[in-house]
Structure formats: C-alpha cells, structure tokens
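> Contents are compact mmCIF, C-alpha atoms; file name protein.txt:
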# COMPACT_ATOMS: atom_id res chain seq x y z
CA MET F 1 -2.11 13.49 -14.11
CA THR F 2 -5.12 14.58 -16.13
CA LYS F 3 -7.56 15.01 -13.24
CA SER F 4 -7.60 17.22 -10.18
CA GLN F 5 -6.97 15.53 -6.85
CA TRP F 6 -10.65 16.06 -5.99
CA GLN F 7 -11.79 14.33 -9.20
CA CYS F 8 -9.50 11.40 -8.36
CA PHE F 9 -11.06 11.24 -4.88
CA LEU F 10 -14.49 10.91 -6.51
CA GLU F 11 -13.44 7.56 -7.99
CA ASN F 12 -14.04 6.18 -4.48
CA LEU F 13 -17.72 7.16 -4.30
CA GLY F 14 -20.08 4.34 -3.33
CA ILE F 15 -20.71 1.85 -0.58
CA TRP F 16 -17.80 -0.48 0.10
CA GLN F 17 -18.34 -3.71 2.02
CA GLY F 18 -15.43 -5.51 3.58
CA SER F 19 -13.59 -5.98 6.84
CA PHE F 20 -10.85 -4.50 8.99
CA ILE F 21 -8.29 -7.26 9.62
CA ARG F 22 -5.71 -6.51 12.31
CA ILE F 23 -2.49 -8.47 11.74
CA SER F 24 0.62 -8.77 13.89
CA PRO F 25 4.11 -8.00 12.48
CA HIS F 26 4.56 -11.79 12.23
CA GLY F 27 1.43 -12.35 10.16
CA GLU F 28 -1.04 -13.63 12.77
CA VAL F 29 -4.61 -12.42 12.30
CA ILE F 30 -5.58 -10.78 15.60
CA ARG F 31 -9.14 -9.85 14.70
CA ASP F 32 -11.39 -9.52 11.66
CA ILE F 33 -14.24 -7.00 11.93
CA PRO F 34 -16.92 -6.71 9.17
CA SER F 35 -17.23 -3.15 7.84
CA ILE F 36 -19.16 -0.86 5.53
CA VAL F 37 -17.50 2.33 4.31
CA SER F 38 -19.57 4.78 2.25
CA PHE F 39 -18.61 7.91 0.33
CA THR F 40 -21.53 10.16 -0.68
CA GLU F 41 -21.46 13.43 -2.59
CA LEU F 42 -23.66 15.97 -0.82
CA GLU F 43 -26.09 18.28 -2.62
CA ASP F 44 -23.63 21.18 -2.77
CA LYS F 45 -21.39 18.99 -4.98
CA ARG F 46 -18.41 20.34 -3.02
CA THR F 47 -18.58 18.08 0.01
CA ILE F 48 -18.06 14.35 0.42
CA ARG F 49 -19.40 12.54 3.47
CA GLN F 50 -17.62 9.39 4.59
CA VAL F 51 -19.27 6.99 7.04
CA VAL F 52 -17.24 4.11 8.50
CA GLN F 53 -19.29 1.35 10.14
CA ARG F 54 -17.51 -1.46 11.97
CA GLU F 55 -19.27 -4.23 13.80
CA GLY F 56 -19.31 -3.54 17.54
CA GLU F 57 -17.91 -0.01 17.21
CA GLN F 58 -19.41 3.46 17.00
CA ASP F 59 -19.86 4.85 13.49
CA LEU F 60 -17.26 7.34 12.30
CA VAL F 61 -18.59 10.23 10.18
CA LEU F 62 -16.21 12.54 8.30
CA GLU F 63 -16.88 15.30 5.78
CA TYR F 64 -14.42 16.62 3.21
CA SER F 65 -14.58 19.84 1.22
CA SER F 66 -10.83 19.83 0.58
CA LEU F 67 -8.04 17.30 0.85
CA PRO F 68 -5.22 17.38 3.43
CA ARG F 69 -1.55 17.61 2.46
CA SER F 70 -1.03 14.15 3.95
CA THR F 71 -3.06 12.54 1.12
CA LEU F 72 -2.36 12.04 -2.59
CA PHE F 73 -4.55 10.37 -5.23
CA PHE F 74 -3.91 8.79 -8.62
CA ASP F 75 -6.28 9.10 -11.59
CA ASN F 76 -7.96 5.75 -10.92
CA GLY F 77 -8.76 6.64 -7.29
CA ALA F 78 -5.81 4.82 -5.68
CA PHE F 79 -4.42 6.89 -2.82
CA SER F 80 -2.25 7.12 0.25
CA GLN F 81 -2.68 9.08 3.44
CA GLY F 82 -0.66 9.20 6.62
CA SER F 83 2.13 10.86 8.52
CA LEU F 84 3.83 13.70 6.67
CA GLN F 85 6.88 13.46 8.88
CA PHE F 86 8.53 10.65 10.78
CA ALA F 87 9.66 11.69 14.25
CA PRO F 88 11.21 9.49 16.95
CA PHE F 89 9.26 8.73 20.14
CA SER F 90 5.88 9.25 18.48
CA GLU F 91 3.47 6.93 16.72
CA PHE F 92 3.80 6.79 12.97
CA GLY F 93 1.75 5.21 10.22
CA ALA F 94 0.32 5.42 6.73
CA GLU F 95 -2.48 3.93 4.65
CA LEU F 96 -1.99 2.75 1.08
CA GLY F 97 -5.16 2.14 -0.92
CA LEU F 98 -5.46 0.36 -4.27
CA ILE F 99 -8.59 0.22 -6.42
CA TYR F 100 -9.49 -2.05 -9.33
CA GLY F 101 -12.99 -2.30 -10.83
CA ASN F 102 -15.45 -3.07 -8.05
CA ARG F 103 -12.72 -3.81 -5.49
CA ARG F 104 -10.45 -1.88 -3.18
CA LEU F 105 -7.58 -3.13 -1.05
CA ARG F 106 -6.23 -0.89 1.69
CA LEU F 107 -3.34 -1.47 4.06
CA VAL F 108 -2.40 0.60 7.09
CA GLN F 109 1.07 0.13 8.58
CA PHE F 110 1.64 1.24 12.19
CA PHE F 111 4.88 1.89 14.07
CA ASN F 112 5.14 2.37 17.84
CA PRO F 113 7.03 5.24 19.59
CA GLN F 114 10.14 3.02 19.67
CA GLN F 115 10.08 3.17 15.83
CA GLU F 116 9.28 -0.58 15.58
CA LEU F 117 6.69 -2.12 13.31
CA SER F 118 3.63 -2.52 15.54
CA HIS F 119 0.84 -4.04 13.41
CA TYR F 120 -1.01 -3.89 10.12
CA THR F 121 -4.66 -3.33 9.32
CA LEU F 122 -5.68 -4.92 6.02
CA ILE F 123 -9.01 -3.76 4.55
CA PRO F 124 -10.29 -5.75 1.53
CA GLU F 125 -13.51 -4.27 0.11
CA TYR F 126 -15.94 -4.53 -2.77
CA LEU F 127 -18.76 -2.30 -4.01
CA ALA F 128 -22.15 -3.19 -2.50
CA GLY F 129 -24.44 -4.89 -4.99
CA THR F 130 -21.61 -6.46 -7.00
CA SER F 131 -20.32 -10.02 -6.85
CA LEU F 132 -16.94 -10.89 -5.46
CA GLU F 133 -14.58 -13.81 -5.90
CA PRO F 134 -12.23 -13.52 -2.90
CA ASN F 135 -8.50 -13.61 -3.56
CA PRO F 136 -6.68 -16.42 -1.74
CA PRO F 137 -3.79 -15.66 0.63
CA LEU F 138 -0.64 -14.71 -1.24
CA LYS F 139 2.07 -17.40 -1.60
CA ILE F 140 5.67 -17.00 -2.72
CA GLU F 141 4.95 -19.25 -5.73
CA ASP F 142 2.43 -16.67 -6.98
CA LEU F 143 5.19 -14.08 -7.33
CA LEU F 144 7.99 -16.07 -8.96
CA GLY F 145 8.74 -15.11 -12.54
CA GLU F 146 9.22 -11.98 -14.62
CA TRP F 147 6.89 -9.01 -14.25
CA GLN F 148 6.81 -6.04 -16.62
CA GLY F 149 5.05 -2.91 -15.52
CA GLU F 150 4.33 0.77 -15.88
CA ALA F 151 4.87 3.14 -12.98
CA ILE F 152 3.87 6.69 -12.18
CA THR F 153 5.44 8.68 -9.35
CA ILE F 154 3.72 11.78 -7.99
CA TYR F 155 5.37 14.19 -5.59
CA THR F 156 4.32 16.05 -2.48
CA ASP F 157 5.84 19.28 -3.84
CA TRP F 158 3.57 19.07 -6.93
CA ARG F 159 6.38 18.82 -9.45
CA SER F 160 5.49 17.01 -12.69
CA PRO F 161 4.87 13.26 -12.31
CA ASP F 162 7.39 10.74 -13.63
CA ASN F 163 6.27 7.86 -15.84
CA TYR F 164 8.58 4.90 -16.50
CA SER F 165 8.68 1.18 -17.21
CA THR F 166 9.62 -1.44 -14.64
CA GLN F 167 10.87 -5.00 -14.75
CA LEU F 168 10.84 -7.31 -11.75
CA ASN F 169 12.42 -10.79 -11.72
CA LEU F 170 11.82 -13.10 -8.76
CA THR F 171 13.48 -16.53 -8.53
CA LEU F 172 14.55 -19.05 -5.90
CA ASP F 173 18.19 -20.08 -5.73
CA ASN F 174 19.56 -23.51 -4.83
CA LEU F 175 19.51 -22.62 -1.13
CA GLY F 176 15.84 -21.61 -1.24
CA ARG F 177 16.54 -17.88 -0.94
CA LEU F 178 14.54 -15.42 -2.97
CA GLN F 179 16.56 -13.52 -5.56
CA GLN F 180 15.05 -10.23 -6.69
CA SER F 181 16.11 -7.99 -9.56
CA LEU F 182 14.19 -4.74 -10.02
CA SER F 183 14.84 -2.42 -12.97
CA TYR F 184 13.28 0.99 -13.48
CA GLY F 185 14.49 3.82 -15.64
CA ASP F 186 18.24 3.23 -15.96
CA ARG F 187 18.64 1.62 -12.52
CA THR F 188 18.76 -2.04 -11.54
CA ILE F 189 18.67 -3.14 -7.90
CA THR F 190 19.49 -6.74 -6.98
CA THR F 191 18.61 -8.07 -3.53
CA SER F 192 17.90 -11.39 -1.85
CA ALA F 193 15.74 -12.55 1.03
CA SER F 194 15.42 -15.47 3.38
CA ILE F 195 11.99 -17.07 3.45
CA CYS F 196 10.37 -18.06 6.74
CA GLY F 197 6.77 -19.05 6.17
CA SER F 198 4.92 -15.95 4.99
CA ILE F 199 7.78 -13.57 5.81
CA LEU F 200 10.57 -12.55 3.44
CA GLN F 201 13.54 -10.96 5.22
CA PHE F 202 15.77 -8.73 3.09
CA ASP F 203 18.80 -8.69 5.36
CA GLN F 204 21.66 -7.28 3.26
CA ASN F 205 21.73 -4.20 5.49
CA PRO F 206 21.64 -5.45 9.11
CA GLN F 207 21.12 -1.89 10.35
CA ASN F 208 18.04 -1.46 8.20
CA PRO F 209 16.38 -4.84 7.49
CA ILE F 210 13.29 -4.79 5.30
CA GLN F 211 10.43 -7.24 5.73
CA VAL F 212 7.89 -8.38 3.17
CA ILE F 213 4.93 -10.24 4.60
CA LEU F 214 2.50 -12.25 2.49
CA LEU F 215 -1.06 -11.57 3.60
CA PRO F 216 -4.64 -12.74 3.01
CA HIS F 217 -6.62 -11.54 -0.03
CA GLY F 218 -3.59 -11.58 -2.35
CA ALA F 219 -1.92 -8.76 -0.44
CA SER F 220 1.66 -8.12 0.65
CA ALA F 221 3.24 -5.48 2.87
CA THR F 222 6.80 -4.18 2.66
CA SER F 223 8.24 -2.14 5.50
CA PRO F 224 11.31 -1.61 7.64
CA VAL F 225 11.28 -3.77 10.77
CA LYS F 226 12.39 -0.62 12.60
CA ILE F 227 12.70 2.88 11.20
CA SER F 228 16.25 4.19 11.51
CA LEU F 229 16.96 7.85 12.10
CA ARG F 230 18.53 9.76 9.21
CA GLN F 231 17.89 6.86 6.82
CA PRO F 232 15.43 7.06 3.90
CA PHE F 233 12.74 4.39 3.90
CA PHE F 234 9.55 3.35 2.14
CA LEU F 235 6.27 1.59 2.84
CA GLU F 236 4.70 -0.60 0.16
CA VAL F 237 1.53 -2.56 -0.43
CA GLY F 238 1.20 -5.20 -3.16
CA TRP F 239 -2.00 -6.75 -4.49
CA LEU F 240 -2.21 -9.82 -6.72
CA ILE F 241 -5.49 -8.89 -8.44
CA GLU F 242 -5.43 -11.75 -10.91
CA ILE F 243 -2.96 -14.59 -11.41
CA ASN F 244 -0.89 -12.50 -13.87
CA LEU F 245 -1.84 -8.96 -12.77
CA ARG F 246 -0.43 -7.12 -9.77
CA GLN F 247 -0.41 -3.58 -8.43
CA ARG F 248 2.02 -2.06 -5.96
CA MET F 249 2.06 1.32 -4.21
CA ILE F 250 5.14 2.80 -2.57
CA ARG F 251 5.15 5.75 -0.13
CA THR F 252 8.69 7.12 0.15
CA TYR F 253 10.33 9.15 2.93
CA ASN F 254 13.72 10.89 2.71
CA GLU F 255 16.61 10.86 5.18
CA LYS F 256 14.97 13.75 7.09
CA GLY F 257 11.87 11.62 7.64
CA GLU F 258 9.79 13.75 5.24
CA TRP F 259 7.21 12.18 2.93
CA VAL F 260 8.38 13.01 -0.59
CA SER F 261 6.62 10.84 -3.17
CA LEU F 262 4.05 8.18 -4.00
CA THR F 263 4.44 5.56 -6.74
CA LEU F 264 1.83 3.32 -8.35
CA VAL F 265 3.05 0.29 -10.33
CA THR F 266 0.79 -1.87 -12.49
CA GLU F 267 2.62 -4.98 -13.65
CA LYS F 268 1.85 -8.14 -15.59
CA LYS F 269 3.60 -11.48 -15.37
CA VAL F 270 5.21 -12.33 -18.70
CA SER F 271 6.93 -15.57 -17.69
CA SER F 272 6.90 -17.94 -14.74
CA SER F 273 9.82 -19.34 -12.79
CA ASN F 274 10.26 -22.21 -10.38
CA GLY F 275 13.63 -21.01 -9.22
For this file, write the structure as structure tokens.

Amino acid sequence: MTKSQWQCFLENLGIWQGSFIRISPHGEVIRDIPSIVSFTELEDKRTIRQVVQREGEQDLVLEYSSLPRSTLFFDNGAFSQGSLQFAPFSEFGAELGLIYGNRRLRLVQFFNPQQELSHYTLIPEYLAGTSLEPNPPLKIEDLLGEWQGEAITIYTDWRSPDNYSTQLNLTLDNLGRLQQSLSYGDRTITTSASICGSILQFDQNPQNPIQVILLPHGASATSPVKISLRQPFFLEVGWLIEINLRQRMIRTYNEKGEWVSLTLVTEKKVSSSNG
C-alpha cells in the first residue's frame, strides 16, 4: 500500500448517483430507491462530509476526520466496512465497495439474530455528470472460462499486505453442475455447486453451505446461508465490469468471529468455456 488510508478514502470524493436495491436471500428485488451520495472535502482539508439522499427518506449527514477500525481501503478507493466481530443473537453485516473509473458498486450483506442471511442491499452508482452504460444482470454463462488475476490482501492488524496471482476456472459438467477450481499462491481449492436459477449452492459441507447469488448490474454475492459458531467464514462481492474484466472483494472472519483481512482481486478472462 503506497497511500495512507485517508488518501485512499479521498478516491471516493464526488457526487455519486445510483440506487439502493433491497434484495431477498433468494434474489427477488424488494424495492429500488433512487439515491445520491456525495463526499465533500471541507475547508480544513481534514474533514470529509458525506450526505446520503434517498427518495422518500430523510437525508443522512456524516462527517469524518478519522476512519473507524471497522473500515479498510485499497489504493484505488475500494473499501469494506462492517461488523468487527460476529456474535450470536445479534444483527451482523458488512458492506463491500468496489470502484472503477466513474462507477462504484457496493453490496451490503445482512444477517439476522438467528445468524441467517436476511437480505442484501445492492448500490450501483456513477459519478454525476458522466455517462453510464448499465451492466446487465449477471448470468452463469458470463463467468464460465478461465480467469487470471492479481490479488492484494490487507490485514486488520496492519501487518504488511500480501500480493499474489490467482487463477479461477469455471466449467459446467455433464450433469449441469458448476465445477470451480481456484488457485492462489501454492493452494488450489476445487469445489462444485448446483445451479437453481440465479443461485449457486456450494453444498460440499452440509453444516456450512455457501451461496452465490447472481444479481443485477453484473454483481454477485457470496455468503454463508447461516453463520456457524466457531467456523471461519467470508463475505464476497463480485462485479463483472466488462465482458472480460471482473473484480472481487472478500472480507474474511476467523473461527472466533473476528474480522481479520480484506482481499481485492482484479481478474481477466483469458479463455471461455461452455462446460
């Protein structure tokens, strides 16, 4: 990381137009509220004012002169904020925000006090005064093939970041199941998922099933269906920015329920596959 966290935060300055889209765990759009979110540097150059305007709701005004421990930024302005600690019988959630050129894509994942996935809020945005070509809803066909990427992992204890290459292969087998092979560093993880409409169910571990849901605006969300006590877990957002360019962000918690790291992957498709 070559910038301070504050300098990374400043990459989000501007007026962002978009909407807050509430989505059920099964992918149904519950509501879609137009929004304007602005970040302005005040005259003292040490304070940022954020104003969130949502149609039909009271404006939310926040000011920052420092950043909370629950938030980490990457050099390009991508960030995540949310619960530092998972605890049973309390609400839990986190936001993962990606940024590319004049666009941002943010996803908030919420879990209820019973530790079950409750809903998502998807927030696609673009800088006011710029043009936008909306991304279509993500389809499984968009993801099939081989993706090569570069990843950076930053840590909540401020140890040095890790940089490494990634390789992701996604194919369909003869039964129509998704086969996934993910390599990073010297590790390779192979998993498979059943496909039911826009939902991919990774069910190898019945005690800890993981769901990927394909969303509007080229987005995807990965999360446990239910958070299990004393089991590490992660939350992920994916964004198909262009047909052969994708970003993913992963917020990782350890077996104690503590937030430990944040990973940003930028990957390009190098070959396609039809299964």
> May I have the residues within 7 Å of range 221-230 of chain F as a ChimeraX atom specification, using all atoms listed in the file and disregarding those fewer than 3 positions away in the same chain?
/F:115-117,208-214,234-238,255-256
> Could you pull the residues within 8 Å of Leu62 in chain F, counting only C-alpha atoms, minus those fewer than 4 positions along the same chain, as a list in words?
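Returned residues: Arg49, Gln50 and Val51 of chain F.
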> Tell me, in Å to one decimal, how far CA of Leu84 in chain F is from CA of Thr156 in chain F.
9.5 Å
> Can you work out the spacing between CA of Cys196 in chain F and CA of His26 in chain F in Å, to one decimal?
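About the pair CA of Cys196 in chain F and CA of His26 in chain F: they are 10.2 Å apart.
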> Find the residues around Thr153 in chain F up to 6 Å (only C-alpha atoms counted), leave out those fewer than 5 positions away in its own chain, and share them as a ChimeraX atom specification.
/F:161-162,262-263
> Using C-alpha atoms, can you export the residues from the last selection as a PDB file, in the frame of the given file?

ATOM      1  CA  PRO F 161       4.870  13.260 -12.310  1.00  0.00           C
ATOM      2  CA  ASP F 162       7.390  10.740 -13.630  1.00  0.00           C
ATOM      3  CA  LEU F 262       4.050   8.180  -4.000  1.00  0.00           C
ATOM      4  CA  THR F 263       4.440   5.560  -6.740  1.00  0.00           C
TER       5      THR F 263
END
> Asp59 in chain F: which residues within 12 Å, counting all atoms listed in the file, same-chain residues fewer than 5 positions away excluded, as a PyMOL selection string?
chain F and resi 35-38+50-54
> Could you tell me which of F:Thr40, F:Asn112, F:Asn76, F:Ser160 comes closest to Cys8 in chain F if we count all atoms listed in the file?
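That would be F:Asn76, the residue with the smallest distance to Cys8 in chain F.
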> When distances are computed from only C-alpha atoms, which of F:Gln85, F:Ser220, F:Ser198, F:Asn254 shows the smallest separation from Phe233 in chain F?
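Counting only C-alpha atoms, the residue closest to Phe233 in chain F is F:Asn254.
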